[in-house]
Structure formats: C-alpha cells, structure tokens
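Trainee: What follows is a structure written as structure tokens; I'll ask about it next.
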Amino acid sequence: MKREMVLNVNGEEHDVEIEPNRLLLEALREDVGLTGTKEGCSIGVCGACSVIVDGRLVSACLTLAAACEGKKIETIEGLARDGELHPLQRAFVQFGGFQCGICTPGQIMAAKALLDHNPNPTTDQVKEWMSANLCRCTGYYKILESVMAVVEGKVDEGRRDEAVRQARIQSLYQSDTYKSNASD
Amino acid sequence: MSKAENFAVLGQNVDRFEGHDKVTGSAAYVADVFLPGMLTGRILRSPLPHARIRNIDTSRAEKLRGVKAVVTAEDTIKKGWGVFFPDQYPLSVGKARYVGEEVAAVAAIDRDTAEEALELIDIDWEELPAVFDAAEAMQPDAPLIHEEKENNIALTIDVVRGDIDAAFKDSDLVIEDSFESVPQWHSAIETIGSVADYSANGKYTVYMNTQTLFMARMRLATALGVREADVRVIQTAVGGGFGGKSCDDNNAMVAAILARKARRPVKIINTREEEFLAGSRPRVNMKVWMRMGFKKDGRIRAKHMRIIADNGAYSGKAPAITGVAALRHDTCYKYSDVRSEAYLVYTNKIPTGAFRGFGNPSAEFSVEQMMDIAADELGMDPFEMARLNAAEEGYVSPHGNRVISCELRQCIDRTERMIGWKEKRAARKPNRGLGMGCTVHVSGKRHFGDYDGSSATIKMNEDGKAFILSGEGETGQGHWTAMCQIAAEELGVPFSDVAISEADTDLTTFCLGNYASRLTYVAGNAVKNAATAVKEILHETAAEMLECDPSDLVSRDGFIFVKGAEQRSISVADVVRGRQFRRGGAPVVASGSFDADSVSQDALRYGNESGAYNFGCQAAEVEVDPDTGHVKVIQYAVASDCGTVIYPIGAEGQVEGSIAQGLGYALIEGIRMEEGRPVNPNFSDYRLASMRDMPDLVHEFADSYEPTGPFGAKGLGELGMDPVAAIISNAIYDAVGVRIRTLPITEEKVLRALQEKKNGS
Ligand code: FES
Ligand code: FES
C-alpha cells in the first residue's frame, strides 16, 4: 500500500506517496524528480547512486526511501548554490575529472562525504575511500587529481602547464593490487 | 615531423563544453527522459542457448491490468538486420540461438506490472543441441546454428602476400606459439537504453544513448520495414560507449515495436544483468596460432597467423573485427611476406562485437608477445628490435595501408626513457620485470560503403556566436569540446563563442558516428572545412563593410581586421548582423564535408583502410609475488603519436582510460560461463579496476603533425588499449620466467605456471 511521507532533499521538503519498498533511488528520480542520482549496477557495487543521508554516504539503490523519512538527504542537485558551483564541481571541470559523466554525481557526492568529515585526507585515504566508486572512462587519474585539488586549495588557480600536471599525477599514484574473480 | 603553429585555442585546456551539465547532475541521459504517457518495456529472453519455439501464448499476459502491449515476432516484419550479414531479428523468429535472446516483450504502466506479465507468457520450447566453442563449432558434425547456411563458419579470410614459404626458409629464427583472448564487456556504467515514440502519422522518434546515430536509424528502418526518414533518432547524453553502444543489439528495435503497438512512448533500460546477457556486444574472443621468422639481426622476415574468432550467435561487426585482427597490425612493423588466415565461427552465445581496439587487442596480445619471444631467443633488447622493425613515414603495409605521418621511433625512444628501461635492467630486483610493446591504430576506417567521411554545418548567430550542427554525437570522450576548439581556431573567435548541437538525425546531416577513432580526424576535418566556408562568407561581407579586398582580412578573437591596418576592424557580430539585416539579407551559414583519402579493400583485402595511422609504444614494470601469483603493476609508461593534440585533458583522458581498460583486460576481467550462460552477470563477479588498483602512469605525446589532419591531428581513442595485455605478459616473463598465453592473467595461472616451472615440466 502506498503511503504519504515527506522527504527532505537538499533542504527542501517533498511530499511523496510511495510503496514501503520503494528504493530511495527510484523515489529521488521518479517521485521527487531529481534525476542527477544515477543507477549503474543496482547492487551497491558501483557507487553511481551515492547520496548523503544525515551526513553518511549511502547507495540509494540499496536504501529504502521510507527509511529516510525525517532525515536530511543530499544529492548532486543540492551542491551548486545560486548558480555558483561547489569547489568539488569546479575542480572536476577544471581538472577533467569526468568523461561520460554518468559516474560523476556519485563521485562528487562520495568526495563530499569524505571532505565533510575530514577536510585534509591524505592521497591514500582519498584513494581508499573513492575506490567504492567505479568509473569506466577515466582510469581515475583525473578524479583523484580533482579531489586533491580541493584538499590542497588548488581550485581556480588557473591552468598549469602540462609538465606540472604530469608530475602531479605521478606523485599521486603508486600501484596497488589486481585481483581477479574470473575463472581460467 | 612536427610543425609548430601558433594556435589561439587548440592545445588549450578549455572547460569541457558540456562540463557544467555533467557535474551538476543536469545532463539528461536516456534514463532521465520522461515523456507524457510513457510506459515501461521489459523483454522476455531465451533461457536456453539453442531452442526451437513450438508455440508462444501471450493471452494471459495481455489480460493483466496495466499491460498495454505484448509483442512477439508476429508483430514484426520478420526481416533480419545486421551490418554485414542480416542474420539477427528484433524478436526470435522460429528459434533462439543464445541465452538472453529477445523472444517477446511487454509494455506496461510500470516495471512491476511488466515483469509480472513476462511471467504469464507461455513458451513451448524444443531444446536443440548447442555448441559453445568456436573450434568445436567448425567441426562438420557440430550443431548447425543457422539452418540456411552450410556450416557455422561465418567468414573465412586467407590472405597471402609475398612468398611466405621462401621467407620462412630464408629466416634464421622461426618461432611458433598460440594465444587466446577472452570476451570483454564494455561495462559502461550506464547500460543501453531507449525511449521510443510512434506518432499517428507513422513516424518513430527514438531517444537513444547510441554512439552511431545514423547507423542506428538505418538498422531501425530495416528492422521495422520503414524508410529512414520515418525514423528520427535523437542522442541523449551517453554514459560511456567504448563500442558497446553502436546499436548492434535489439533494445531500440523492441522499444519501437512496443511503442507502435501500444501507441504510447515506451522506455526500455537494460538491467546490468541484461547488459551482460544480451546488451553491449563483448569483445570478439580469439584463438591465435602464429609462426614468425626473423633474421639474425632482429629483422622480421615472415609472419603466418591463423585466427579462430568466436562470432556468437549473430554477426554484428565481428566480420570486420576479424579482418582487423588479421591484417591491421602489419602496419606497425615493416613486413614483406605474410599470410593471415582467419575463421569467424558461429556459437550459441551472445554475439560478440566492437570494443575499443576492434580486433587489434587480440592481435597485439599475440604479435607483441612473439616479438618479445624472438628478442629473447636472439639475445636482443626488445626496444632495439622494435626500433629496427618500426614502420616509418611512407611505409605501405603488405595489405596497402599507406602511412603518412609516423612517429613510432620517437614513441619507442620516449617510452624507453620514461620507464627507465636501461637503468632498471642494469640493476635488476628479484621478481620484478619489464615488458614493452608497440601499437598502431586508425583514424577512421573505410568499411561502410565506399565512404569514410563526415559533414557539419556551422551557422552564425546575430551575436557573433557560432553554432555547429553535427550528427556525430558525444559519447564522453570530449569530442564536442575538440570540435568547438577546431571551429574557434579556424573562425578566429574565442572558444566561448562556439557551441555544438546535440546529434539528431532530423536536424543534422549524415554522420557515421563514434567508432574507429575517427572523430578528431574525420569529423574534425569536416568541421574545419565548414568553418573555412563560413569564414569566407564573413570576410566577403566584412570586406564590403570595411571597403577592402577579402584577401586582406584576418580573423582573431571575434574580430575581423585589415592586415597591416589593424585599427580597421569589425566584430564578427556586426558582420553577421550586417549581412542579415539589409535588403536581400541572408544568414551566415555553410556546410563542410570531408572524405578521407582511404581506399576500400578489394576482394583480396588489399586497400588502405584509413586516412591516417596513429602509433604508440608502451612499457610496464611489474612485480610478481611468487607465493600467490599476484601481479602488481609498479609503473606504466605510454608514448602516443596522435599528431597535434587539440584538447589536452581530453587526449590524456583517452590514454588513461585506455590503459585502465587494458589492465583490466590483461589481469582481471572475465566472466564464468556455463553452457553459454554467464553465471553471475553483475559487477560483483565481473570486476572492474577501482582507483586503488591503478599504477603510477607516465605518458607523453609525440611531437607529431599529420598533414591530412585538421591542424595536424589524428586519432587516439583506441590506440592505448591495444597492446597492454601483451606488455603485462612480457613483463611477467621478464620477472619470473613464465609466459601466460591466455587472458586474463589471473593469479592462479601465474602460480600454476611457476609451480610447473619449478617441477621442471
Ligand atoms: S547503482 Fe547503486 S551502487 Fe551501483
Ligand atoms: S566518467 Fe564515464 S564512468 Fe566515469
């Protein structure tokens, strides 16, 4: 049976009438009408649906909308204020932190959740945290660079020359593991 | 050769054209399209790999409240479609040939209702014997997958150039080996989807996340039995393509058939599971046998390659992909005597298809390992051997590919330096190893009709801003931005004064779309030509207004100046207004076309497949854990020759993304199949690399200029992907002395090989 409830999204109250098993992802996209939150895997693996609920990063594809009643939900649409992009958004544009953009709302929300709690994470902490958000386009180099630019206060500094960019990317990266689930 | 040009806009890291839409969540992808009265479509898929349909009863499904249409093959014209062989139907006709094939579909008011209706469709199946391995499917007694054919071989290639037997006799070293690649799924984070609408006057409008708009329209028209102009395809934002969204699948066909029957818009978005079962067509897996002959000094003398390629149940682009695997790599090194045999074979599995690299990754996984094996046997440094054999300007491959610009040697030198090859080889560390390889790719490919071109229209607004109308579309790689930069450069206006249209088959001229690394080179030339034509019109009017000769004018930063008397100038906006708002006024608008100077392959597969070839060299340093078989990529170095770099962030992004996908292909990506059925078709079983998996990556672009490219540019998008798996395998061999010949190179395989080596077998 559908039930009326109020969802607080980006500081605004929305009246919705939904089934108790309605996922937050569906409620946001179809009932509230905010389609910036994306679906990639539907099983909590890719992070495309990442949103922040009461300060915690959650996968909207695994969260019931009803469980978010009375809580503060933050989505990508709430970041820019009065047409002014959030520093993370500016960084992603300036440092090329996306290509197709389908993972981007989730990447930015994940980064925001991290920086809200810890404005000065190390590169390794960022890598570890952001590893829950898959991207098939970028190889992650420019996503990391974008997030670190915010951490280090490098956003809006203008274009740096390529040698500096390259040196920066290298300094951010050290290799880590590859493990396969594939059979022989 | 490089040619220094003083560019105003090219080479600048401008803000990506559609950047703000993508970082604010306002870019509209196909799942974000909601039309009034829109229904949800769901597809009933074959649960069996090969089975005859005795009967389908949809009556119970039709009666379910909320169901607006149920369709089967009876609602179609039962006509096959396909790029090369029309062997695929929107909905199974008579039998299904793989698990996941579309058999029937439902449109209903919501997803739950549609899914309930699918359960109410009764199918009486007669299961048939199936075959899953391409080599087995070639046997005379194998089950026949397409009855109208004599056997399961979809395509045979046997090309001989030169005197192959004599060349092997003349070789000082002859080596033979076999390799095997696996299917790789594009795994774009956005699945394939479409929203189809059908109007009372008989026109279909289809919103699609396709990379190839006009090709999609052509195929839809064929499958629906209507004319091209009766179908309008509008590209939405595309959440990653990599070849997988080239409309080689049935998603849009089924949506259109449902929309016609329901007379309401229908949306079908593949679930992730459907994407693995029957969505994006995975990379063609190939078994490759090779024999190569070398002279003592390291020169390649002869090459014989035999490929058995797995087509899956329907053909799609696999015939062209097999051709590329057989022949393209011969453009990378200098060859005289080669033989390439290839067999493309039907199996009862998902059709395989186009994925970044288009056959080249399977070929390079083999050839680049053969080169490494030969260097080892000859006691040569692999970099030396690559330099010795590298293609160069003016080289014509045995199959007719004509190389104009080529900086392969420069790429080899740069890579050797970046990875620290000499230093690291001189101070070896235990279980650490280095591997290298070279790569070649095209900038467009002449294989659809005798045409490898593009066109664009540019119209000037009264405020002086230019608007490009193009049907090529943006898939995420940054194409729109690069096109705006090219137009801005040629028109002499700031980047912010250029915008580009969404791709829409009704509003733009015919464009082939996004494949074969063609956009910067082919579409870039068309946009540049359109801009040149617009500039001529602007100069003609400006000359009247400034009372001078058009040939005395130059454009810069949105103004048109008289050369040598720069105080005499006029803004582009004033010129556009001046031309429009007068008696007999006219808009400033012009089109540009370009068709590459490539040559279609003849019956013997001789031709020149592309207008320009891009080259590269890469190297890896790995560390192998002898106790677990775990391979850690320490550093990866890439040098790419893509001519002039138009949009550096975009170009770097192509390299970085290619390497990430290449490393995934080499080390982790694969799916367990049982009887042609993926066991766990999802992202927890099919693992993609994450941020922490990425190695230190160093890359450089060669100093290069392609004379036939727009401002010297050529393609880049696929080049980086092609050799990665071979390079990782070469590095593992260098580290621990075992060579893995099948993909992916899992820990288990490495460990087993190390144990076999220890046991002396
Ligand atoms: S869609 Fe929710 S994690 Fe992938
Ligand atoms: S930008 Fe395409 S998936 Fe991340």
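By order of appearance in the structure tokens: chains A, B, ..., then residues from 1 within every chain, and ligands from 1 in the order shown.
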Residues contacting ligand 2 - anything with an atom at most 7 Å away, using only C-alpha atoms and all ligand atoms - can you give me those as number ranges by chain?

Mentor: A: 98-104, 134-138; B: 188-189, 239-240, 476

Trainee: Could the residues in this selection be written to a file with C-alpha atoms, as a compact mmCIF listing (two decimals), in the first residue's frame?

Mentor:
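The resulting file, selection.txt, is shown below:
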```txt
# COMPACT_ATOMS: atom_id res chain seq x y z
CA PHE A 98 34.94 13.02 -15.82
CA GLN A 99 34.35 11.94 -19.38
CA CYS A 100 30.88 10.50 -19.96
CA GLY A 101 29.74 11.88 -16.64
CA ILE A 102 27.46 9.02 -15.58
CA CYS A 103 29.56 8.20 -12.51
CA THR A 104 30.24 11.86 -11.74
CA LEU A 134 33.64 2.83 -10.23
CA CYS A 135 34.43 4.77 -13.37
CA ARG A 136 34.90 3.06 -16.73
CA CYS A 137 36.10 6.13 -18.64
CA THR A 138 38.85 7.96 -16.83
CA ALA B 188 29.92 1.30 -19.34
CA ILE B 189 28.46 2.45 -16.04
CA GLY B 239 27.13 7.26 -20.21
CA GLY B 240 30.10 5.53 -21.81
CA GLY B 476 32.02 11.16 -23.21
```

Trainee: Determine, counting only C-alpha atoms, which protein, DNA and RNA residues have an atom within 12 Å of an atom of Asp452 of chain B; residues of the same chain fewer than 2 positions away are not included. Present the result as a ChimeraX atom specification.

Mentor: /B:442-450,454-455,510-513,515-519,521-523,525-526,593-600,608-612

Trainee: How would you write, as a PyMOL selection string, the set of residues no farther than 10 Å from ligand 1 when counting only C-alpha atoms and all ligand atoms?

Mentor: (chain A and resi 25+37-51+58-63+103+106+132-134) or (chain B and resi 189-190+272+683)

Trainee: Please identify all polymer residues within 7 Å of Glu228 of chain B, counting only C-alpha atoms, omitting same-chain residues fewer than 5 positions from it, and present them as an MDAnalysis selection string.

Mentor: chainID B and resid 217:218 221

Trainee: Quick one: pick out all strand (DSSP E or B) residues within segment 312-432 of chain B from a backbone DSSP run and write them as an MDAnalysis selection string.

Mentor: chainID B and resid 312 333 337:346 353 390 396 402 432

Trainee: Which distance in Å separates atom CA of Arg402 of chain B and atom CA of Ile649 of chain B, to one decimal?

Mentor: 29.6 Å
